[in-house]
Amino acid sequence: MNLAIEKTRVNERADYIAGDESDSPAVMTIPAELGGLRLDQALARLFPEHSRSRLQAWLKDGRIRLDGELAGSRQKVSGGERVELDVAQPPEIAAEQPEDIPLRVVFEDAHLLVIDKPAGLVVHPGSGNWSGTLLNALLHHAPQVAEVPRAGIVHRLDKDTSGLLVVAKTLTAQTDLVRQLQARTVRRHYWALAQGRVQAGGMADAPIGRHPTQRTKMAVVGNGRPAVTHYKVVERFARATLLECRLETGRTHQIRVHMAHIGHPLVGDPVYAARRVADPAWAGFERQALHAFRLGLIHPATGEAMEWEIPMAEDLDALLQRLRAAQ
């Protein structure tokens with residue numbers, strides 16, 4: 001059927017998968033030939049580049065108007081009505097876009113990128129954080145990582161954990177780094193400021209899985225995945241202890257969960273420090289006091305053993321200075 005349709009301010013091709021959506025609405029006039037059809041049926045003819053399920057979702061979300069009014073999928077059209085389809089880019093698409101976000105590069109070659117991630121930077125896009133992430137920054141800094149799954153990200157740091165993180169710039173490097181992580185040969189060391197006075201170093205060997213009732217949290221649970229954290233005392237304060245933690249495994253929130261499990265949650269942890277120790281010295285420190293300061297691995301291309309170490313994060317260092325002054 002040859003449809004006489006009018007299109008204004010619409011891309012030649014609107015396709016979410018390709019990510020070339022326009023923020024302008026697609027405006028069409030329903031031709032007389034489609035009179036008598038339900039609106040959803042007419043839309044499927046007018047916008048064949050979009051699936052029926054997507055069009056139905058847009059109708060439900062109020063993103064389609066008929067003669068300026070919100071439209072219902074089952075109402076019939078007569079022909080001649082003006083249809084406006086809001087084709088604004090959904091937030092998920094922003095996850096695939098490069099953004100000029102500064103990175104603190106510690107090391108870079110053709111295979112690897114090691115960065116010092118600041119607290120507050122989300123590593124990977126997700127609900128509520130579809131843009132402004134490390135992944136977006138990587139796509140701008142090294143566009144070739146678009147060809148690597150997850151833009152080369154092989155391990156994460158929590159949003160409010162600072163420190164060293166390695167990214168693979170090639171698929172070969174990513175495969176090798178994943179195998180090193182699985183073999184537990186990647187060396188990851190953290191400074192962690194725990195509440196209370198930890199009497200001695202030790203090892204937390206307790207499986208971690210999703211919390212049975214609070215699904216946004218992790219917890220030590222019997223059916224969890226094996227998790228091992230080694231820790232030693234570096235410095236004690238009146239009501240806090242600076243620890244050096246070494247990950248043997250890399251479960252979500254592992255150090256935070258393990259420290260809370262042994263009765264010493266991290267200072268500033270908004271999730272796992274249920275019983276916070278009040279201390280004016282750390283009042284206003286609003287993130288978990290955790291900093292990944294040392295990272296060691298085998299270079300996936302050269303086979304060379306490599307290690308990087310960075311100074312204490314500035315905000316955590318300032319907090320330690322206040323604690324020392326309060327002694």
# chains A, B, ... in the order shown; residues from 1 in each chain; ligands from 1
call {"tool": "select_by_dssp", "arguments": {"residues": "range 33-236 of chain A", "states": "helix (DSSP H, G or I)", "output": "NGL selection string"}}
result
:A and (33-34 or 39-46 or 52-60 or 91-94 or 134-141 or 143-147 or 149-152 or 171-182)
call {"tool": "write_last_selection", "arguments": {"atoms": "N, CA and C atoms", "output": "compact mmCIF listing (two decimals), in the first residue's frame"}}
result
# COMPACT_ATOMS: atom_id res chain seq x y z
N GLU A 33 -5.98 5.96 4.17
CA GLU A 33 -6.00 4.51 3.95
C GLU A 33 -6.00 3.71 5.26
N LEU A 34 -5.53 4.35 6.35
CA LEU A 34 -5.46 3.64 7.63
C LEU A 34 -6.67 3.91 8.51
N LEU A 39 -5.26 2.49 16.88
CA LEU A 39 -4.08 3.34 16.83
C LEU A 39 -2.81 2.52 16.84
N ASP A 40 -2.73 1.47 17.66
CA ASP A 40 -1.50 0.68 17.70
C ASP A 40 -1.22 0.02 16.36
N GLN A 41 -2.29 -0.40 15.65
CA GLN A 41 -2.09 -1.00 14.34
C GLN A 41 -1.60 0.04 13.33
N ALA A 42 -2.19 1.24 13.40
CA ALA A 42 -1.76 2.31 12.49
C ALA A 42 -0.31 2.70 12.76
N LEU A 43 0.06 2.76 14.03
CA LEU A 43 1.42 3.13 14.37
C LEU A 43 2.43 2.11 13.83
N ALA A 44 2.06 0.83 13.89
CA ALA A 44 2.95 -0.21 13.38
C ALA A 44 3.20 -0.02 11.89
N ARG A 45 2.21 0.49 11.15
CA ARG A 45 2.38 0.75 9.73
C ARG A 45 3.22 2.01 9.49
N LEU A 46 3.00 3.01 10.30
CA LEU A 46 3.68 4.28 10.11
C LEU A 46 5.14 4.25 10.58
N ARG A 52 6.41 -3.50 17.71
CA ARG A 52 5.08 -3.26 18.29
C ARG A 52 5.17 -3.12 19.82
N SER A 53 6.02 -3.94 20.43
CA SER A 53 6.12 -3.88 21.90
C SER A 53 6.67 -2.53 22.34
N ARG A 54 7.63 -1.95 21.57
CA ARG A 54 8.17 -0.64 21.92
C ARG A 54 7.10 0.44 21.77
N LEU A 55 6.33 0.35 20.69
CA LEU A 55 5.27 1.33 20.47
C LEU A 55 4.22 1.24 21.57
N GLN A 56 3.87 0.01 21.97
CA GLN A 56 2.91 -0.17 23.06
C GLN A 56 3.44 0.45 24.35
N ALA A 57 4.73 0.25 24.60
CA ALA A 57 5.33 0.82 25.82
C ALA A 57 5.30 2.34 25.78
N TRP A 58 5.56 2.91 24.62
CA TRP A 58 5.52 4.37 24.50
C TRP A 58 4.11 4.91 24.70
N LEU A 59 3.12 4.17 24.18
CA LEU A 59 1.74 4.57 24.42
C LEU A 59 1.43 4.58 25.91
N LYS A 60 1.86 3.53 26.58
CA LYS A 60 1.62 3.41 28.01
C LYS A 60 2.32 4.51 28.79
N PRO A 91 17.37 6.33 28.53
CA PRO A 91 18.60 6.47 29.31
C PRO A 91 19.60 5.36 29.08
N GLU A 92 19.14 4.15 28.73
CA GLU A 92 20.07 3.04 28.52
C GLU A 92 21.06 3.33 27.40
N ILE A 93 20.62 4.12 26.39
CA ILE A 93 21.49 4.40 25.27
C ILE A 93 22.68 5.23 25.69
N ALA A 94 22.50 6.09 26.69
CA ALA A 94 23.61 6.92 27.16
C ALA A 94 24.75 6.06 27.69
N LEU A 134 32.48 5.43 34.51
CA LEU A 134 33.81 5.10 34.01
C LEU A 134 33.72 4.54 32.59
N LEU A 135 32.73 3.73 32.32
CA LEU A 135 32.58 3.17 30.98
C LEU A 135 32.45 4.27 29.94
N ASN A 136 31.63 5.28 30.22
CA ASN A 136 31.50 6.40 29.29
C ASN A 136 32.84 7.11 29.10
N ALA A 137 33.59 7.27 30.18
CA ALA A 137 34.90 7.92 30.10
C ALA A 137 35.88 7.09 29.26
N LEU A 138 35.83 5.77 29.43
CA LEU A 138 36.73 4.90 28.68
C LEU A 138 36.45 4.96 27.18
N LEU A 139 35.17 5.01 26.81
CA LEU A 139 34.82 5.08 25.39
C LEU A 139 35.34 6.35 24.74
N HIS A 140 35.48 7.42 25.53
CA HIS A 140 36.05 8.67 25.01
C HIS A 140 37.57 8.61 25.00
N HIS A 141 38.17 8.11 26.06
CA HIS A 141 39.62 8.09 26.20
C HIS A 141 40.27 7.10 25.24
N PRO A 143 38.69 4.88 22.34
CA PRO A 143 37.51 4.43 21.59
C PRO A 143 37.55 2.96 21.18
N GLN A 144 38.75 2.38 21.06
CA GLN A 144 38.83 0.99 20.64
C GLN A 144 38.22 0.02 21.65
N VAL A 145 38.03 0.45 22.90
CA VAL A 145 37.45 -0.47 23.88
C VAL A 145 35.97 -0.73 23.60
N ALA A 146 35.39 0.02 22.67
CA ALA A 146 34.01 -0.26 22.27
C ALA A 146 33.89 -1.65 21.66
N GLU A 147 35.01 -2.19 21.16
CA GLU A 147 35.01 -3.52 20.56
C GLU A 147 35.23 -4.62 21.59
N PRO A 149 34.04 -6.48 25.19
CA PRO A 149 32.88 -6.56 26.09
C PRO A 149 33.08 -5.72 27.35
N ARG A 150 32.01 -5.00 27.73
CA ARG A 150 32.01 -4.16 28.92
C ARG A 150 33.12 -3.12 28.87
N ALA A 151 33.49 -2.72 27.65
CA ALA A 151 34.53 -1.70 27.44
C ALA A 151 35.83 -2.06 28.14
N GLY A 152 36.09 -3.35 28.29
CA GLY A 152 37.35 -3.80 28.87
C GLY A 152 37.38 -3.87 30.38
N LEU A 171 40.54 -7.57 23.38
CA LEU A 171 39.84 -8.78 23.81
C LEU A 171 40.82 -9.81 24.35
N THR A 172 41.99 -9.91 23.75
CA THR A 172 43.00 -10.86 24.23
C THR A 172 43.44 -10.52 25.65
N ALA A 173 43.67 -9.23 25.89
CA ALA A 173 44.08 -8.81 27.23
C ALA A 173 42.96 -9.05 28.23
N GLN A 174 41.73 -8.79 27.83
CA GLN A 174 40.61 -9.01 28.74
C GLN A 174 40.49 -10.48 29.13
N THR A 175 40.60 -11.36 28.14
CA THR A 175 40.51 -12.79 28.41
C THR A 175 41.59 -13.23 29.39
N ASP A 176 42.79 -12.73 29.20
CA ASP A 176 43.90 -13.10 30.08
C ASP A 176 43.68 -12.57 31.49
N LEU A 177 43.23 -11.31 31.62
CA LEU A 177 43.02 -10.74 32.95
C LEU A 177 41.89 -11.46 33.69
N VAL A 178 40.85 -11.84 32.98
CA VAL A 178 39.76 -12.58 33.62
C VAL A 178 40.29 -13.91 34.16
N ARG A 179 41.14 -14.57 33.39
CA ARG A 179 41.72 -15.84 33.86
C ARG A 179 42.60 -15.62 35.08
N GLN A 180 43.35 -14.51 35.10
CA GLN A 180 44.17 -14.22 36.29
C GLN A 180 43.29 -13.98 37.52
N LEU A 181 42.19 -13.27 37.32
CA LEU A 181 41.28 -13.04 38.44
C LEU A 181 40.68 -14.35 38.93
N GLN A 182 40.30 -15.20 38.00
CA GLN A 182 39.74 -16.50 38.38
C GLN A 182 40.76 -17.36 39.11
call {"tool": "residues_around", "arguments": {"residues": "Leu113 in chain A", "least_positions_apart": "3", "cutoff": "6 Å", "atoms": "only C-alpha atoms", "output": "NGL selection string"}}
result
:A and (107-108 or 166-167)
call {"tool": "residues_around", "arguments": {"residues": "Thr133 in chain A", "least_positions_apart": "6", "cutoff": "9 Å", "atoms": "only C-alpha atoms", "output": "number ranges by chain"}}
result
A: 95, 99, 101, 121-125
call {"tool": "write_last_selection", "arguments": {"atoms": "C-alpha atoms", "output": "PDB file, in the first residue's frame"}}
result
ATOM      1  CA  ALA A  95      25.470   3.950  28.614  1.00  0.00           C
ATOM      2  CA  GLU A  99      31.830  11.236  27.467  1.00  0.00           C
ATOM      3  CA  ILE A 101      35.265  12.654  31.737  1.00  0.00           C
ATOM      4  CA  LEU A 121      32.568   7.703  39.982  1.00  0.00           C
ATOM      5  CA  VAL A 122      30.323   4.779  39.058  1.00  0.00           C
ATOM      6  CA  VAL A 123      32.244   2.091  37.176  1.00  0.00           C
ATOM      7  CA  HIS A 124      29.527   0.548  35.040  1.00  0.00           C
ATOM      8  CA  PRO A 125      26.145   1.958  33.963  1.00  0.00           C
TER       9      PRO A 125
END
call {"tool": "select_by_dssp", "arguments": {"residues": "range 67-292 of chain A", "states": "strand (DSSP E or B)", "output": "PyMOL selection string"}}
result
chain A and resi 69-70+76+82-85+105-108+112-117+126+129+153+162-168+187-195+202-205+208-210+218-220+225+228-236+240-247+266+290-292
call {"tool": "residues_around", "arguments": {"residues": "range 214-229 of chain A", "least_positions_apart": "4", "cutoff": "6 Å", "atoms": "only C-alpha atoms", "output": "list in words"}}
result
Met203, Ala204, Asp205, Ala206, Pro207, Ile208, Gly209, Arg210, Arg246, Leu247, Glu248 and Thr249 of chain A
call {"tool": "write_last_selection", "arguments": {"atoms": "all heavy atoms", "output": "PDB file, in the first residue's frame"}}
result
ATOM      1  N   MET A 203      42.166 -13.317  59.043  1.00  0.00           N
ATOM      2  CA  MET A 203      41.574 -13.644  57.757  1.00  0.00           C
ATOM      3  C   MET A 203      40.074 -13.835  57.938  1.00  0.00           C
ATOM      4  O   MET A 203      39.637 -14.568  58.833  1.00  0.00           O
ATOM      5  CB  MET A 203      42.191 -14.927  57.184  1.00  0.00           C
ATOM      6  CG  MET A 203      41.573 -15.364  55.862  1.00  0.00           C
ATOM      7  SD  MET A 203      42.350 -16.874  55.199  1.00  0.00           S
ATOM      8  CE  MET A 203      41.770 -18.101  56.384  1.00  0.00           C
ATOM      9  N   ALA A 204      39.302 -13.157  57.110  1.00  0.00           N
ATOM     10  CA  ALA A 204      37.854 -13.376  57.090  1.00  0.00           C
ATOM     11  C   ALA A 204      37.563 -14.335  55.952  1.00  0.00           C
ATOM     12  O   ALA A 204      37.782 -14.006  54.780  1.00  0.00           O
ATOM     13  CB  ALA A 204      37.122 -12.057  56.886  1.00  0.00           C
ATOM     14  N   ASP A 205      37.139 -15.521  56.304  1.00  0.00           N
ATOM     15  CA  ASP A 205      36.824 -16.563  55.314  1.00  0.00           C
ATOM     16  C   ASP A 205      35.354 -16.916  55.502  1.00  0.00           C
ATOM     17  O   ASP A 205      35.006 -17.776  56.307  1.00  0.00           O
ATOM     18  CB  ASP A 205      37.728 -17.777  55.530  1.00  0.00           C
ATOM     19  CG  ASP A 205      37.511 -18.866  54.486  1.00  0.00           C
ATOM     20  OD1 ASP A 205      36.604 -18.718  53.636  1.00  0.00           O
ATOM     21  OD2 ASP A 205      38.261 -19.876  54.513  1.00  0.00           O
ATOM     22  N   ALA A 206      34.490 -16.204  54.792  1.00  0.00           N
ATOM     23  CA  ALA A 206      33.046 -16.375  54.965  1.00  0.00           C
ATOM     24  C   ALA A 206      32.349 -16.124  53.633  1.00  0.00           C
ATOM     25  O   ALA A 206      32.602 -15.102  52.982  1.00  0.00           O
ATOM     26  CB  ALA A 206      32.520 -15.404  56.023  1.00  0.00           C
ATOM     27  N   PRO A 207      31.483 -17.034  53.194  1.00  0.00           N
ATOM     28  CA  PRO A 207      30.836 -16.902  51.880  1.00  0.00           C
ATOM     29  C   PRO A 207      29.901 -15.703  51.823  1.00  0.00           C
ATOM     30  O   PRO A 207      29.217 -15.371  52.805  1.00  0.00           O
ATOM     31  CB  PRO A 207      30.059 -18.213  51.738  1.00  0.00           C
ATOM     32  CG  PRO A 207      29.819 -18.669  53.141  1.00  0.00           C
ATOM     33  CD  PRO A 207      31.008 -18.228  53.924  1.00  0.00           C
ATOM     34  N   ILE A 208      29.872 -15.050  50.691  1.00  0.00           N
ATOM     35  CA  ILE A 208      29.073 -13.844  50.506  1.00  0.00           C
ATOM     36  C   ILE A 208      28.054 -14.055  49.391  1.00  0.00           C
ATOM     37  O   ILE A 208      28.377 -14.605  48.332  1.00  0.00           O
ATOM     38  CB  ILE A 208      29.968 -12.632  50.172  1.00  0.00           C
ATOM     39  CG1 ILE A 208      30.814 -12.261  51.396  1.00  0.00           C
ATOM     40  CG2 ILE A 208      29.141 -11.433  49.711  1.00  0.00           C
ATOM     41  CD1 ILE A 208      31.798 -11.133  51.140  1.00  0.00           C
ATOM     42  N   GLY A 209      26.837 -13.626  49.654  1.00  0.00           N
ATOM     43  CA  GLY A 209      25.772 -13.691  48.658  1.00  0.00           C
ATOM     44  C   GLY A 209      24.777 -12.575  48.894  1.00  0.00           C
ATOM     45  O   GLY A 209      24.965 -11.730  49.778  1.00  0.00           O
ATOM     46  N   ARG A 210      23.724 -12.580  48.115  1.00  0.00           N
ATOM     47  CA  ARG A 210      22.692 -11.558  48.266  1.00  0.00           C
ATOM     48  C   ARG A 210      22.028 -11.679  49.635  1.00  0.00           C
ATOM     49  O   ARG A 210      21.780 -12.773  50.121  1.00  0.00           O
ATOM     50  CB  ARG A 210      21.660 -11.733  47.156  1.00  0.00           C
ATOM     51  CG  ARG A 210      20.650 -10.613  47.015  1.00  0.00           C
ATOM     52  CD  ARG A 210      21.262  -9.332  46.573  1.00  0.00           C
ATOM     53  NE  ARG A 210      21.983  -9.395  45.305  1.00  0.00           N
ATOM     54  CZ  ARG A 210      22.654  -8.387  44.781  1.00  0.00           C
ATOM     55  NH1 ARG A 210      22.740  -7.219  45.440  1.00  0.00           N
ATOM     56  NH2 ARG A 210      23.275  -8.516  43.634  1.00  0.00           N
ATOM     57  N   ARG A 246      43.862  -7.399  51.948  1.00  0.00           N
ATOM     58  CA  ARG A 246      44.230  -8.024  50.673  1.00  0.00           C
ATOM     59  C   ARG A 246      43.120  -8.985  50.245  1.00  0.00           C
ATOM     60  O   ARG A 246      42.734  -9.863  51.020  1.00  0.00           O
ATOM     61  CB  ARG A 246      45.557  -8.776  50.793  1.00  0.00           C
ATOM     62  CG  ARG A 246      45.952  -9.502  49.497  1.00  0.00           C
ATOM     63  CD  ARG A 246      47.338 -10.114  49.606  1.00  0.00           C
ATOM     64  NE  ARG A 246      47.401 -11.154  50.629  1.00  0.00           N
ATOM     65  CZ  ARG A 246      47.056 -12.428  50.403  1.00  0.00           C
ATOM     66  NH1 ARG A 246      46.581 -12.816  49.230  1.00  0.00           N
ATOM     67  NH2 ARG A 246      47.177 -13.315  51.391  1.00  0.00           N
ATOM     68  N   LEU A 247      42.643  -8.779  49.056  1.00  0.00           N
ATOM     69  CA  LEU A 247      41.583  -9.643  48.541  1.00  0.00           C
ATOM     70  C   LEU A 247      42.172 -10.914  47.961  1.00  0.00           C
ATOM     71  O   LEU A 247      43.070 -10.871  47.115  1.00  0.00           O
ATOM     72  CB  LEU A 247      40.783  -8.924  47.451  1.00  0.00           C
ATOM     73  CG  LEU A 247      39.883  -7.769  47.868  1.00  0.00           C
ATOM     74  CD1 LEU A 247      39.154  -7.224  46.650  1.00  0.00           C
ATOM     75  CD2 LEU A 247      38.883  -8.215  48.922  1.00  0.00           C
ATOM     76  N   GLU A 248      41.653 -12.045  48.397  1.00  0.00           N
ATOM     77  CA  GLU A 248      41.974 -13.309  47.739  1.00  0.00           C
ATOM     78  C   GLU A 248      40.908 -13.612  46.690  1.00  0.00           C
ATOM     79  O   GLU A 248      41.193 -14.186  45.644  1.00  0.00           O
ATOM     80  CB  GLU A 248      42.054 -14.431  48.768  1.00  0.00           C
ATOM     81  CG  GLU A 248      42.545 -15.746  48.213  1.00  0.00           C
ATOM     82  CD  GLU A 248      42.780 -16.781  49.295  1.00  0.00           C
ATOM     83  OE1 GLU A 248      43.404 -16.434  50.322  1.00  0.00           O
ATOM     84  OE2 GLU A 248      42.337 -17.931  49.108  1.00  0.00           O
ATOM     85  N   THR A 249      39.675 -13.219  46.984  1.00  0.00           N
ATOM     86  CA  THR A 249      38.575 -13.305  46.024  1.00  0.00           C
ATOM     87  C   THR A 249      38.051 -11.895  45.803  1.00  0.00           C
ATOM     88  O   THR A 249      38.506 -10.952  46.449  1.00  0.00           O
ATOM     89  CB  THR A 249      37.451 -14.199  46.565  1.00  0.00           C
ATOM     90  OG1 THR A 249      37.048 -13.691  47.852  1.00  0.00           O
ATOM     91  CG2 THR A 249      37.909 -15.645  46.722  1.00  0.00           C
TER      92      THR A 249
END
call {"tool": "residues_around", "arguments": {"residues": "Thr302 in chain A", "least_positions_apart": "2", "cutoff": "12 Å", "atoms": "only C-alpha atoms", "output": "PyMOL selection string"}}
result
chain A and resi 109-112+173+176+297-300+304-306
call {"tool": "atom_distance", "arguments": {"atom1": "CA of Ala273 in chain A", "atom2": "CA of Lys117 in chain A"}}
result
23.1 Å
call {"tool": "atom_distance", "arguments": {"atom1": "CA of Pro98 in chain A", "atom2": "CA of Ser51 in chain A"}}
result
26.7 Å
call {"tool": "residues_around", "arguments": {"residues": "Pro270 in chain A", "least_positions_apart": "4", "cutoff": "12 Å", "atoms": "only C-alpha atoms", "output": "NGL selection string"}}
result
:A and (160 or 217 or 256 or 260 or 265-266 or 274-276 or 284-289)
call {"tool": "residues_around", "arguments": {"residues": "Ala238 in chain A", "least_positions_apart": "4", "cutoff": "10 Å", "atoms": "only C-alpha atoms", "output": "VMD selection string"}}
result
chain A and resid 195 to 197 279 323 to 324 326 to 327
call {"tool": "closest_residue", "arguments": {"among": "A:Trp191, A:Phe47, A:Tyr272, A:Trp130", "to": "Glu235 in chain A", "atoms": "only C-alpha atoms"}}
result
A:Trp191
call {"tool": "closest_residue", "arguments": {"among": "A:Gly250, A:Pro48, A:Gly126, A:Pro118", "to": "Gly163 in chain A", "atoms": "only C-alpha atoms"}}
result
A:Pro118
call {"tool": "atom_distance", "arguments": {"atom1": "CA of His230 in chain A", "atom2": "CA of Gln254 in chain A"}}
result
11.1 Å
